[in-house]
Structures are given as C-alpha cells and as structure tokens.
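Participant: Just data05.cif, nothing more (mmCIF, C-alpha atoms):
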```cif
data_work
#
loop_
_atom_site.label_atom_id
_atom_site.label_comp_id
_atom_site.auth_asym_id
_atom_site.auth_seq_id
_atom_site.Cartn_x
_atom_site.Cartn_y
_atom_site.Cartn_z
CA PRO A 1 35.45 -20.58 302.04
CA LYS A 2 34.09 -19.23 298.82
CA VAL A 3 37.00 -20.62 296.78
CA ASP A 4 37.93 -24.22 297.38
CA ARG A 5 41.15 -24.16 295.34
CA VAL A 6 43.57 -21.43 294.40
CA PRO A 7 45.50 -22.22 291.24
CA HIS A 8 49.28 -21.98 291.36
CA ILE A 9 50.48 -18.94 289.45
CA PRO A 10 54.23 -18.93 288.94
CA MET A 11 55.98 -15.66 289.64
CA LEU A 12 57.91 -14.04 286.84
CA LYS A 13 61.64 -13.82 287.36
CA GLU A 14 62.77 -10.30 288.24
CA ASN A 15 65.77 -8.85 286.52
CA ASN A 16 66.16 -5.44 288.09
CA ILE A 17 69.90 -5.45 288.61
CA ARG A 18 71.42 -2.47 286.86
CA LYS A 19 74.54 -2.88 284.84
CA GLY A 20 75.80 0.59 283.93
CA PHE A 21 79.17 1.53 285.40
CA PHE A 22 81.93 3.97 284.56
CA GLU A 23 85.54 2.91 284.45
CA HIS A 24 87.80 5.75 285.51
CA GLY A 25 89.06 6.40 281.97
CA ASP A 26 85.49 6.58 280.66
CA PHE A 27 84.60 9.08 283.37
CA LEU A 28 87.61 11.26 282.53
CA ALA A 29 86.77 11.17 278.81
CA LEU A 30 83.15 12.13 279.53
CA ARG A 31 84.12 14.92 281.92
CA ASP A 32 86.56 16.37 279.41
CA ALA A 33 83.83 16.35 276.73
CA LEU A 34 81.29 18.19 278.92
CA PRO A 35 80.92 21.98 279.11
CA ASP A 36 82.97 23.57 281.92
CA HIS A 37 79.95 24.37 284.10
CA LEU A 38 79.09 20.64 284.37
CA LYS A 39 82.55 19.25 285.12
CA GLY A 40 82.42 19.82 288.89
CA PHE A 41 78.83 18.57 289.01
CA VAL A 42 79.68 15.23 287.38
CA THR A 43 82.90 14.83 289.37
CA PHE A 44 80.93 15.17 292.60
CA GLY A 45 78.37 12.65 291.30
CA TYR A 46 81.09 10.20 290.26
CA LYS A 47 82.89 10.31 293.60
CA VAL A 48 79.98 10.53 296.04
CA GLY A 49 77.16 8.70 294.27
CA TRP A 50 74.36 11.06 295.22
CA ARG A 51 71.26 11.31 293.08
CA ILE A 52 71.16 14.00 290.41
CA SER A 53 68.34 15.80 292.25
CA GLU A 54 70.36 15.85 295.48
CA ILE A 55 73.33 17.43 293.73
CA SER A 56 71.38 19.91 291.62
CA THR A 57 69.51 21.29 294.66
CA LEU A 58 72.61 21.46 296.88
CA VAL A 59 72.86 24.92 298.47
CA TRP A 60 75.76 26.69 300.14
CA ALA A 61 74.10 26.43 303.56
CA GLN A 62 74.78 22.68 303.34
CA VAL A 63 78.50 23.16 302.64
CA ASP A 64 81.23 23.79 305.21
CA LEU A 65 84.38 24.48 303.21
CA LYS A 66 86.57 24.95 306.30
CA GLN A 67 85.69 21.49 307.60
CA GLY A 68 85.42 20.00 304.09
CA ILE A 69 81.90 18.73 304.71
CA VAL A 70 78.74 18.62 302.61
CA ARG A 71 75.43 17.70 304.27
CA LEU A 72 72.01 16.66 303.11
CA GLU A 73 69.43 17.43 305.76
CA VAL A 74 66.47 15.29 306.80
CA GLY A 75 63.81 15.73 304.13
CA ASP A 76 66.30 16.63 301.39
CA THR A 77 66.81 12.98 300.46
CA LYS A 78 64.67 10.28 298.91
CA ASN A 79 64.76 8.22 302.11
CA ASP A 80 64.35 11.27 304.42
CA GLU A 81 67.61 10.57 306.24
CA ALA A 82 70.40 13.10 306.66
CA ARG A 83 73.83 12.42 305.16
CA THR A 84 77.27 13.93 305.58
CA VAL A 85 80.18 13.56 303.18
CA TYR A 86 83.79 14.57 303.75
CA LEU A 87 85.37 16.07 300.67
CA ASP A 88 88.70 14.93 299.30
CA ASP A 89 91.19 17.49 297.97
CA GLU A 90 89.81 17.44 294.41
CA LEU A 91 86.24 18.02 295.60
CA LYS A 92 87.35 20.78 297.98
CA GLU A 93 88.97 22.54 295.03
CA ILE A 94 85.81 22.15 292.95
CA PHE A 95 83.73 23.71 295.72
CA ARG A 96 86.24 26.57 296.09
CA GLN A 97 85.97 27.22 292.35
CA GLN A 98 82.17 27.16 292.55
CA TRP A 99 82.32 29.69 295.41
CA LYS A 100 84.64 31.97 293.40
CA LEU A 101 82.29 31.71 290.41
CA ARG A 102 79.35 32.67 292.61
CA LYS A 103 81.22 35.74 293.86
CA LYS A 104 82.34 36.65 290.33
CA LEU A 105 78.76 36.43 289.02
CA GLU A 106 77.53 38.35 292.08
CA THR A 107 74.56 36.05 292.26
CA ALA A 108 72.23 35.75 295.21
CA LEU A 109 71.30 32.21 294.19
CA PRO A 110 71.98 29.76 297.00
CA TYR A 111 72.87 26.83 294.72
CA VAL A 112 76.36 25.36 294.51
CA PHE A 113 76.19 24.24 290.89
CA LEU A 114 74.96 26.91 288.48
CA ASN A 115 74.01 26.60 284.83
CA GLN A 116 76.14 27.99 282.03
CA ASP A 117 75.09 31.62 282.37
CA GLY A 118 74.79 31.50 286.17
CA ALA A 119 71.13 32.50 286.07
CA ASP A 120 69.84 29.32 287.74
CA ARG A 121 70.95 25.99 289.17
CA VAL A 122 71.94 23.07 286.98
CA LYS A 123 68.71 21.26 286.17
CA ARG A 124 68.69 19.31 282.95
CA PHE A 125 71.58 18.73 280.65
CA ASP A 126 70.36 15.82 278.52
CA LYS A 127 71.65 17.21 275.21
CA ALA A 128 75.08 18.10 276.61
CA TRP A 129 75.25 14.66 278.25
CA ARG A 130 74.39 12.77 275.06
CA THR A 131 76.82 14.87 273.03
CA ALA A 132 79.62 14.29 275.57
CA CYS A 133 78.96 10.53 275.68
CA LYS A 134 79.19 10.40 271.90
CA LYS A 135 82.30 12.59 271.79
CA ALA A 136 83.96 10.48 274.52
CA GLY A 137 83.11 7.28 272.62
CA ILE A 138 81.62 5.54 275.65
CA GLY A 139 78.18 4.66 274.30
CA VAL A 140 74.89 5.45 275.98
CA ARG A 141 75.27 6.13 279.69
CA ARG A 142 73.06 7.59 282.37
CA PHE A 143 73.97 9.96 285.18
CA HIS A 144 72.62 7.34 287.59
CA ASP A 145 75.49 5.07 286.51
CA PHE A 146 77.69 7.31 288.67
CA ARG A 147 75.70 6.13 291.68
CA ARG A 148 76.48 2.49 290.98
CA THR A 149 80.08 3.35 290.14
CA ALA A 150 80.61 5.30 293.38
CA VAL A 151 79.26 2.40 295.45
CA ARG A 152 81.47 -0.08 293.59
CA ASN A 153 84.52 2.18 293.97
CA MET A 154 83.92 2.59 297.72
CA VAL A 155 83.68 -1.19 298.17
CA ARG A 156 86.83 -1.68 296.09
CA ALA A 157 88.61 0.91 298.25
CA VAL A 158 87.76 -1.25 301.28
CA ILE A 159 85.47 1.37 302.78
CA PRO A 160 83.16 -0.51 305.16
CA GLU A 161 79.88 -1.28 303.41
CA ARG A 162 77.87 0.37 306.16
CA VAL A 163 79.79 3.61 305.61
CA ALA A 164 79.31 3.33 301.82
CA MET A 165 75.58 2.82 302.43
CA MET A 166 75.45 5.93 304.59
CA ILE A 167 77.27 8.03 301.97
CA SER A 168 75.13 6.84 299.08
CA GLY A 169 71.88 6.86 301.07
CA HIS A 170 70.99 3.20 300.71
CA LYS A 171 68.74 2.20 303.56
CA THR A 172 68.62 -1.55 303.04
CA ARG A 173 71.27 -4.11 302.34
CA SER A 174 69.25 -5.68 299.52
CA VAL A 175 69.11 -2.42 297.52
CA PHE A 176 72.80 -1.75 298.22
CA ASP A 177 73.68 -5.22 296.92
CA ARG A 178 71.83 -4.52 293.67
CA TYR A 179 74.21 -1.66 293.06
#
```
Kindly present the structure from the file in structure tokens form.
Facilitator:
Amino acid sequence: PKVDRVPHIPMLKENNIRKGFFEHGDFLALRDALPDHLKGFVTFGYKVGWRISEISTLVWAQVDLKQGIVRLEVGDTKNDEARTVYLDDELKEIFRQQWKLRKKLETALPYVFLNQDGADRVKRFDKAWRTACKKAGIGVRRFHDFRRTAVRNMVRAVIPERVAMMISGHKTRSVFDRY
C-alpha cells in the first residue's frame, strides 16, 4: 500500500433535525392574517403536508371532487412516486370554492390555486407570509413547517405511520423520523 497508516478523523455530529411546528391556534391565526387567495393553499398544506411546489403546481386533472381525491402522478413528486389523498369535508369545500372561482374568472388555467388576480398560479408569497406571521404574532415560520406539523398530527391521530409516510411522500423511515 502507498499509505501505511490512515489517521483517525472524527466525524462531526450532525444536527439536521428540524424543529418548526405549528400548533393549531398558531395555524388559525396565520391563516386569518393571510390574503383570501392563500387561505385554501395553506390549509391544504397544513392538513396534508405536501411540499409547496407540489401544491402550487396542482392542476384540476389531478382532482376528483366527486370521489374527494387529489393525486400526484409519478414524476410530479420529489421522490417520483405517485400519491393519493382523500379530502376531508373542509378540504372538499376549499376545492369547491377554488372551482367556483375558476369558473367566475373564466380562466383556462389548469391550476387549482390561483394568485390574487387569477392571472397565474400561486408561486411565491414571501412578503404576504412574513407579514401574516408578524400580524399573527407567531414569530418566524416557514411553509415547510406545515410538512412537519402534518406528519406529527397524523401520528397523533393514530394514523398508521406507513399511511402517513405515503401521504407525505417520505420514502424512508429515517427521514420520516426526522420529521
């Protein structure tokens, strides 16, 4: 061998466990402080735990209102696996309202969640988010905190962890446990 000894190099301790969560009251305060066009968007994120990009690119072809189902197809997700979510009554009503808004605006856009003027999908809302967090008095939060919160809430509701992993899109147990 060209090297007769390899020195021991200690590994640095990783601290990649996230800590941001929403309590239900904090979520309600934030939602009330947001503009109307974002309220359904954040409610869906809070309850389902999908990534912001998965929600913002959601199109009506992926929604079955009669069955109360929303699907992400293979390739639409970070891990390239399809997902299906069954909507509760509150989410069904949000999707009905979004459909009525689409008809009212007479838009040909395929997106479920539209921006304030209905000219495009919801993309970025950093300023509205920061303003709402401040107004709600909840400190600095991130949209991704909804993902952790949804996973925690599903586990607390005694939903089997495998089902919660399928809803949130976590492929491995180790990543799910970090949430």
Participant: Using the chain letters and numbers from this file, what does the PyMOL selection byres ((chain A and resi 73) around 12) select? Give the answer as a ChimeraX atom specification.
Facilitator: /A:54,57-59,61-63,70-72,74-85,169
Participant: Please produce a file of those selected residues containing C-alpha atoms, as an mmCIF file, in the frame of the given file.
Facilitator:
```cif
data_model
loop_
_atom_site.group_PDB
_atom_site.id
_atom_site.type_symbol
_atom_site.label_atom_id
_atom_site.label_comp_id
_atom_site.auth_asym_id
_atom_site.auth_seq_id
_atom_site.Cartn_x
_atom_site.Cartn_y
_atom_site.Cartn_z
ATOM 1 C CA GLU A 54 70.360 15.850 295.480
ATOM 2 C CA THR A 57 69.510 21.290 294.660
ATOM 3 C CA LEU A 58 72.610 21.460 296.880
ATOM 4 C CA VAL A 59 72.860 24.920 298.470
ATOM 5 C CA ALA A 61 74.100 26.430 303.560
ATOM 6 C CA GLN A 62 74.780 22.680 303.340
ATOM 7 C CA VAL A 63 78.500 23.160 302.640
ATOM 8 C CA VAL A 70 78.740 18.620 302.610
ATOM 9 C CA ARG A 71 75.430 17.700 304.270
ATOM 10 C CA LEU A 72 72.010 16.660 303.110
ATOM 11 C CA VAL A 74 66.470 15.290 306.800
ATOM 12 C CA GLY A 75 63.810 15.730 304.130
ATOM 13 C CA ASP A 76 66.300 16.630 301.390
ATOM 14 C CA THR A 77 66.810 12.980 300.460
ATOM 15 C CA LYS A 78 64.670 10.280 298.910
ATOM 16 C CA ASN A 79 64.760 8.220 302.110
ATOM 17 C CA ASP A 80 64.350 11.270 304.420
ATOM 18 C CA GLU A 81 67.610 10.570 306.240
ATOM 19 C CA ALA A 82 70.400 13.100 306.660
ATOM 20 C CA ARG A 83 73.830 12.420 305.160
ATOM 21 C CA THR A 84 77.270 13.930 305.580
ATOM 22 C CA VAL A 85 80.180 13.560 303.180
ATOM 23 C CA GLY A 169 71.880 6.860 301.070
#
```
Participant: Figure out the distance between atom CA of A:Lys134 and atom CA of A:Ala29, please, to one decimal in Å.
Facilitator: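 If I compute the distance from atom CA of A:Ala29 to atom CA of A:Lys134, I get 10.3 Å.
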Participant: Could you spell out the hits of the PyMOL selection byres ((chain A and resi 107-119) around 12) on the shown file, as a PDB file with C-alpha atoms, in the frame of the given file?
Facilitator:
```
ATOM      1  CA  LEU A  34      81.290  18.190 278.920  1.00  0.00           C
ATOM      2  CA  PRO A  35      80.920  21.980 279.110  1.00  0.00           C
ATOM      3  CA  ASP A  36      82.970  23.570 281.920  1.00  0.00           C
ATOM      4  CA  HIS A  37      79.950  24.370 284.100  1.00  0.00           C
ATOM      5  CA  LEU A  38      79.090  20.640 284.370  1.00  0.00           C
ATOM      6  CA  LYS A  39      82.550  19.250 285.120  1.00  0.00           C
ATOM      7  CA  GLY A  40      82.420  19.820 288.890  1.00  0.00           C
ATOM      8  CA  PHE A  41      78.830  18.570 289.010  1.00  0.00           C
ATOM      9  CA  VAL A  42      79.680  15.230 287.380  1.00  0.00           C
ATOM     10  CA  THR A  43      82.900  14.830 289.370  1.00  0.00           C
ATOM     11  CA  PHE A  44      80.930  15.170 292.600  1.00  0.00           C
ATOM     12  CA  GLY A  45      78.370  12.650 291.300  1.00  0.00           C
ATOM     13  CA  ILE A  52      71.160  14.000 290.410  1.00  0.00           C
ATOM     14  CA  SER A  53      68.340  15.800 292.250  1.00  0.00           C
ATOM     15  CA  GLU A  54      70.360  15.850 295.480  1.00  0.00           C
ATOM     16  CA  ILE A  55      73.330  17.430 293.730  1.00  0.00           C
ATOM     17  CA  SER A  56      71.380  19.910 291.620  1.00  0.00           C
ATOM     18  CA  THR A  57      69.510  21.290 294.660  1.00  0.00           C
ATOM     19  CA  LEU A  58      72.610  21.460 296.880  1.00  0.00           C
ATOM     20  CA  VAL A  59      72.860  24.920 298.470  1.00  0.00           C
ATOM     21  CA  TRP A  60      75.760  26.690 300.140  1.00  0.00           C
ATOM     22  CA  ALA A  61      74.100  26.430 303.560  1.00  0.00           C
ATOM     23  CA  GLN A  62      74.780  22.680 303.340  1.00  0.00           C
ATOM     24  CA  VAL A  63      78.500  23.160 302.640  1.00  0.00           C
ATOM     25  CA  ASP A  64      81.230  23.790 305.210  1.00  0.00           C
ATOM     26  CA  LEU A  65      84.380  24.480 303.210  1.00  0.00           C
ATOM     27  CA  VAL A  70      78.740  18.620 302.610  1.00  0.00           C
ATOM     28  CA  ILE A  94      85.810  22.150 292.950  1.00  0.00           C
ATOM     29  CA  PHE A  95      83.730  23.710 295.720  1.00  0.00           C
ATOM     30  CA  ARG A  96      86.240  26.570 296.090  1.00  0.00           C
ATOM     31  CA  GLN A  97      85.970  27.220 292.350  1.00  0.00           C
ATOM     32  CA  GLN A  98      82.170  27.160 292.550  1.00  0.00           C
ATOM     33  CA  TRP A  99      82.320  29.690 295.410  1.00  0.00           C
ATOM     34  CA  LYS A 100      84.640  31.970 293.400  1.00  0.00           C
ATOM     35  CA  LEU A 101      82.290  31.710 290.410  1.00  0.00           C
ATOM     36  CA  ARG A 102      79.350  32.670 292.610  1.00  0.00           C
ATOM     37  CA  LYS A 103      81.220  35.740 293.860  1.00  0.00           C
ATOM     38  CA  LYS A 104      82.340  36.650 290.330  1.00  0.00           C
ATOM     39  CA  LEU A 105      78.760  36.430 289.020  1.00  0.00           C
ATOM     40  CA  GLU A 106      77.530  38.350 292.080  1.00  0.00           C
ATOM     41  CA  ASP A 120      69.840  29.320 287.740  1.00  0.00           C
ATOM     42  CA  ARG A 121      70.950  25.990 289.170  1.00  0.00           C
ATOM     43  CA  VAL A 122      71.940  23.070 286.980  1.00  0.00           C
ATOM     44  CA  LYS A 123      68.710  21.260 286.170  1.00  0.00           C
ATOM     45  CA  ARG A 124      68.690  19.310 282.950  1.00  0.00           C
ATOM     46  CA  PHE A 125      71.580  18.730 280.650  1.00  0.00           C
ATOM     47  CA  ALA A 128      75.080  18.100 276.610  1.00  0.00           C
TER      48      ALA A 128
END
```
Participant: Run through the PyMOL selection byres ((chain A and resi 24) around 12) on the given coordinates and return the selected residues as a ChimeraX atom specification.
Facilitator: /A:21-23,25-31,43,46-47,138,146,149-150,152-153
Participant: For A:Met154, which residue among A:Asp32, A:Lys19, A:Lys2, A:Gly49 is the nearest when counting all atoms listed in the file?
Facilitator: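 Of A:Asp32, A:Lys19, A:Lys2, A:Gly49, the one nearest A:Met154, counting all atoms listed in the file, is A:Gly49.
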Participant: How far is it from atom CA of A:Ala157 to atom CA of A:Glu90, in Å with one decimal?
Facilitator: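 Atom-to-atom, atom CA of A:Ala157 and atom CA of A:Glu90 are spaced 17.0 Å apart.
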Participant: In Å, how far is it from atom CA of A:Ile159 to atom CA of A:Glu93?
Facilitator: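 Separating atom CA of A:Ile159 from atom CA of A:Glu93 is a distance of 22.8 Å.
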Participant: Of the candidates A:His144, A:Arg51, A:Lys135, A:Arg156, which one gets nearest to A:Ala33 if we count only C-alpha atoms?
Facilitator: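 Under the stated criterion, the closest residue is A:Lys135.
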Participant: When distances are computed from only C-alpha atoms, which of A:Val48, A:Leu12, A:Val163, A:Lys127 shows the smallest separation from A:Leu91?
Facilitator: A:Val48
Participant: Of the candidates A:Phe143, A:Trp50, A:Pro10, A:Arg5, which shows the shortest atom-to-atom distance to A:Met165, using only C-alpha atoms?
Facilitator: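 Result for the nearest residue to A:Met165: A:Trp50.
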Participant: For A:Gln67, list every protein, DNA or RNA residue within 10 Å, evaluated using all atoms listed in the file, and leave out those in the same chain fewer than 4 positions away; present the list as a ChimeraX atom specification.
Facilitator: /A:63,86-87,92
Participant: Of the candidates A:Asp4, A:Gly20, A:Ala164, A:His170, which shows the shortest atom-to-atom distance to A:Asp145, using only C-alpha atoms?
Facilitator: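 Smallest distance to A:Asp145 is found for A:Gly20.
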Participant: Would you pull stretch 15-122 of chain A out of the block just shown and save C-alpha atoms as a PDB file, in the first residue's frame?
Facilitator:
```
ATOM      1  CA  ASN A  15     -27.854  18.185  13.834  1.00  0.00           C
ATOM      2  CA  ASN A  16     -30.288  18.151  10.948  1.00  0.00           C
ATOM      3  CA  ILE A  17     -33.478  17.578  12.882  1.00  0.00           C
ATOM      4  CA  ARG A  18     -35.916  20.365  12.134  1.00  0.00           C
ATOM      5  CA  LYS A  19     -37.851  21.952  14.912  1.00  0.00           C
ATOM      6  CA  GLY A  20     -40.518  24.182  13.354  1.00  0.00           C
ATOM      7  CA  PHE A  21     -44.097  23.140  14.034  1.00  0.00           C
ATOM      8  CA  PHE A  22     -47.472  24.840  14.068  1.00  0.00           C
ATOM      9  CA  GLU A  23     -49.875  24.417  16.925  1.00  0.00           C
ATOM     10  CA  HIS A  24     -53.450  24.566  15.706  1.00  0.00           C
ATOM     11  CA  GLY A  25     -54.081  28.017  17.185  1.00  0.00           C
ATOM     12  CA  ASP A  26     -50.940  29.375  15.502  1.00  0.00           C
ATOM     13  CA  PHE A  27     -52.097  27.964  12.173  1.00  0.00           C
ATOM     14  CA  LEU A  28     -55.540  29.552  12.541  1.00  0.00           C
ATOM     15  CA  ALA A  29     -54.005  32.922  13.454  1.00  0.00           C
ATOM     16  CA  LEU A  30     -51.669  32.759  10.442  1.00  0.00           C
ATOM     17  CA  ARG A  31     -54.438  31.709   8.059  1.00  0.00           C
ATOM     18  CA  ASP A  32     -56.674  34.529   9.244  1.00  0.00           C
ATOM     19  CA  ALA A  33     -53.848  37.030   8.665  1.00  0.00           C
ATOM     20  CA  LEU A  34     -53.178  35.863   5.087  1.00  0.00           C
ATOM     21  CA  PRO A  35     -54.894  37.254   1.980  1.00  0.00           C
ATOM     22  CA  ASP A  36     -58.012  35.299   0.952  1.00  0.00           C
ATOM     23  CA  HIS A  37     -56.398  33.721  -2.120  1.00  0.00           C
ATOM     24  CA  LEU A  38     -53.795  31.965   0.086  1.00  0.00           C
ATOM     25  CA  LYS A  39     -56.089  30.612   2.814  1.00  0.00           C
ATOM     26  CA  GLY A  40     -57.081  27.425   0.983  1.00  0.00           C
ATOM     27  CA  PHE A  41     -53.497  26.888  -0.154  1.00  0.00           C
ATOM     28  CA  VAL A  42     -52.099  26.969   3.394  1.00  0.00           C
ATOM     29  CA  THR A  43     -54.980  24.917   4.803  1.00  0.00           C
ATOM     30  CA  PHE A  44     -54.216  22.164   2.297  1.00  0.00           C
ATOM     31  CA  GLY A  45     -50.511  22.371   3.196  1.00  0.00           C
ATOM     32  CA  TYR A  46     -51.249  22.240   6.918  1.00  0.00           C
ATOM     33  CA  LYS A  47     -53.510  19.199   6.674  1.00  0.00           C
ATOM     34  CA  VAL A  48     -51.732  17.143   4.009  1.00  0.00           C
ATOM     35  CA  GLY A  49     -48.075  18.075   4.408  1.00  0.00           C
ATOM     36  CA  TRP A  50     -47.201  18.253   0.736  1.00  0.00           C
ATOM     37  CA  ARG A  51     -44.318  20.388  -0.443  1.00  0.00           C
ATOM     38  CA  ILE A  52     -45.072  23.932  -1.557  1.00  0.00           C
ATOM     39  CA  SER A  53     -44.072  23.064  -5.150  1.00  0.00           C
ATOM     40  CA  GLU A  54     -46.451  20.095  -5.187  1.00  0.00           C
ATOM     41  CA  ILE A  55     -49.361  22.261  -4.068  1.00  0.00           C
ATOM     42  CA  SER A  56     -48.602  25.256  -6.280  1.00  0.00           C
ATOM     43  CA  THR A  57     -48.422  23.107  -9.431  1.00  0.00           C
ATOM     44  CA  LEU A  58     -51.542  21.074  -8.604  1.00  0.00           C
ATOM     45  CA  VAL A  59     -53.894  21.045 -11.603  1.00  0.00           C
ATOM     46  CA  TRP A  60     -57.573  20.174 -11.880  1.00  0.00           C
ATOM     47  CA  ALA A  61     -56.790  16.998 -13.833  1.00  0.00           C
ATOM     48  CA  GLN A  62     -55.352  15.640 -10.573  1.00  0.00           C
ATOM     49  CA  VAL A  63     -58.518  16.375  -8.587  1.00  0.00           C
ATOM     50  CA  ASP A  64     -61.654  14.225  -8.429  1.00  0.00           C
ATOM     51  CA  LEU A  65     -64.193  16.247  -6.464  1.00  0.00           C
ATOM     52  CA  LYS A  66     -66.897  13.570  -6.672  1.00  0.00           C
ATOM     53  CA  GLN A  67     -64.643  10.986  -5.048  1.00  0.00           C
ATOM     54  CA  GLY A  68     -62.894  13.574  -2.844  1.00  0.00           C
ATOM     55  CA  ILE A  69     -59.453  12.573  -4.101  1.00  0.00           C
ATOM     56  CA  VAL A  70     -56.338  14.527  -5.050  1.00  0.00           C
ATOM     57  CA  ARG A  71     -53.482  12.721  -6.816  1.00  0.00           C
ATOM     58  CA  LEU A  72     -49.871  13.432  -7.563  1.00  0.00           C
ATOM     59  CA  GLU A  73     -48.708  11.408 -10.529  1.00  0.00           C
ATOM     60  CA  VAL A  74     -45.364   9.659 -10.966  1.00  0.00           C
ATOM     61  CA  GLY A  75     -42.829  12.332 -11.852  1.00  0.00           C
ATOM     62  CA  ASP A  76     -44.773  15.137 -10.144  1.00  0.00           C
ATOM     63  CA  THR A  77     -43.089  14.468  -6.807  1.00  0.00           C
ATOM     64  CA  LYS A  78     -39.576  14.822  -5.450  1.00  0.00           C
ATOM     65  CA  ASN A  79     -39.259  11.053  -4.995  1.00  0.00           C
ATOM     66  CA  ASP A  80     -41.005  10.223  -8.317  1.00  0.00           C
ATOM     67  CA  GLU A  81     -43.717   8.188  -6.601  1.00  0.00           C
ATOM     68  CA  ALA A  82     -47.434   8.780  -7.071  1.00  0.00           C
ATOM     69  CA  ARG A  83     -49.592   9.779  -4.096  1.00  0.00           C
ATOM     70  CA  THR A  84     -53.309   9.928  -3.429  1.00  0.00           C
ATOM     71  CA  VAL A  85     -55.010  11.885  -0.664  1.00  0.00           C
ATOM     72  CA  TYR A  86     -58.637  11.690   0.416  1.00  0.00           C
ATOM     73  CA  LEU A  87     -60.071  15.076   1.276  1.00  0.00           C
ATOM     74  CA  ASP A  88     -61.931  15.764   4.489  1.00  0.00           C
ATOM     75  CA  ASP A  89     -65.043  17.967   4.448  1.00  0.00           C
ATOM     76  CA  GLU A  90     -63.119  21.218   4.970  1.00  0.00           C
ATOM     77  CA  LEU A  91     -60.724  20.472   2.104  1.00  0.00           C
ATOM     78  CA  LYS A  92     -63.593  19.407  -0.170  1.00  0.00           C
ATOM     79  CA  GLU A  93     -65.220  22.780   0.461  1.00  0.00           C
ATOM     80  CA  ILE A  94     -61.963  24.595  -0.289  1.00  0.00           C
ATOM     81  CA  PHE A  95     -61.655  22.767  -3.602  1.00  0.00           C
ATOM     82  CA  ARG A  96     -65.299  23.547  -4.458  1.00  0.00           C
ATOM     83  CA  GLN A  97     -64.614  27.233  -3.767  1.00  0.00           C
ATOM     84  CA  GLN A  98     -61.493  27.124  -5.937  1.00  0.00           C
ATOM     85  CA  TRP A  99     -63.544  25.553  -8.749  1.00  0.00           C
ATOM     86  CA  LYS A 100     -66.220  28.266  -8.434  1.00  0.00           C
ATOM     87  CA  LEU A 101     -63.510  30.940  -8.503  1.00  0.00           C
ATOM     88  CA  ARG A 102     -62.054  29.409 -11.659  1.00  0.00           C
ATOM     89  CA  LYS A 103     -65.468  29.492 -13.341  1.00  0.00           C
ATOM     90  CA  LYS A 104     -66.118  33.046 -12.136  1.00  0.00           C
ATOM     91  CA  LEU A 105     -62.772  34.248 -13.529  1.00  0.00           C
ATOM     92  CA  GLU A 106     -63.411  32.285 -16.736  1.00  0.00           C
ATOM     93  CA  THR A 107     -59.798  31.244 -16.759  1.00  0.00           C
ATOM     94  CA  ALA A 108     -58.336  28.494 -18.892  1.00  0.00           C
ATOM     95  CA  LEU A 109     -55.508  27.986 -16.413  1.00  0.00           C
ATOM     96  CA  PRO A 110     -55.385  24.399 -15.197  1.00  0.00           C
ATOM     97  CA  TYR A 111     -54.105  25.248 -11.701  1.00  0.00           C
ATOM     98  CA  VAL A 112     -56.175  24.739  -8.558  1.00  0.00           C
ATOM     99  CA  PHE A 113     -54.675  27.587  -6.542  1.00  0.00           C
ATOM    100  CA  LEU A 114     -54.540  30.904  -8.373  1.00  0.00           C
ATOM    101  CA  ASN A 115     -52.815  34.125  -7.388  1.00  0.00           C
ATOM    102  CA  GLN A 116     -54.701  37.201  -6.231  1.00  0.00           C
ATOM    103  CA  ASP A 117     -55.806  38.409  -9.653  1.00  0.00           C
ATOM    104  CA  GLY A 118     -56.307  34.906 -11.072  1.00  0.00           C
ATOM    105  CA  ALA A 119     -53.787  35.506 -13.848  1.00  0.00           C
ATOM    106  CA  ASP A 120     -51.416  32.709 -12.793  1.00  0.00           C
ATOM    107  CA  ARG A 121     -50.893  30.005 -10.189  1.00  0.00           C
ATOM    108  CA  VAL A 122     -49.722  30.772  -6.673  1.00  0.00           C
TER     109      VAL A 122
END
```
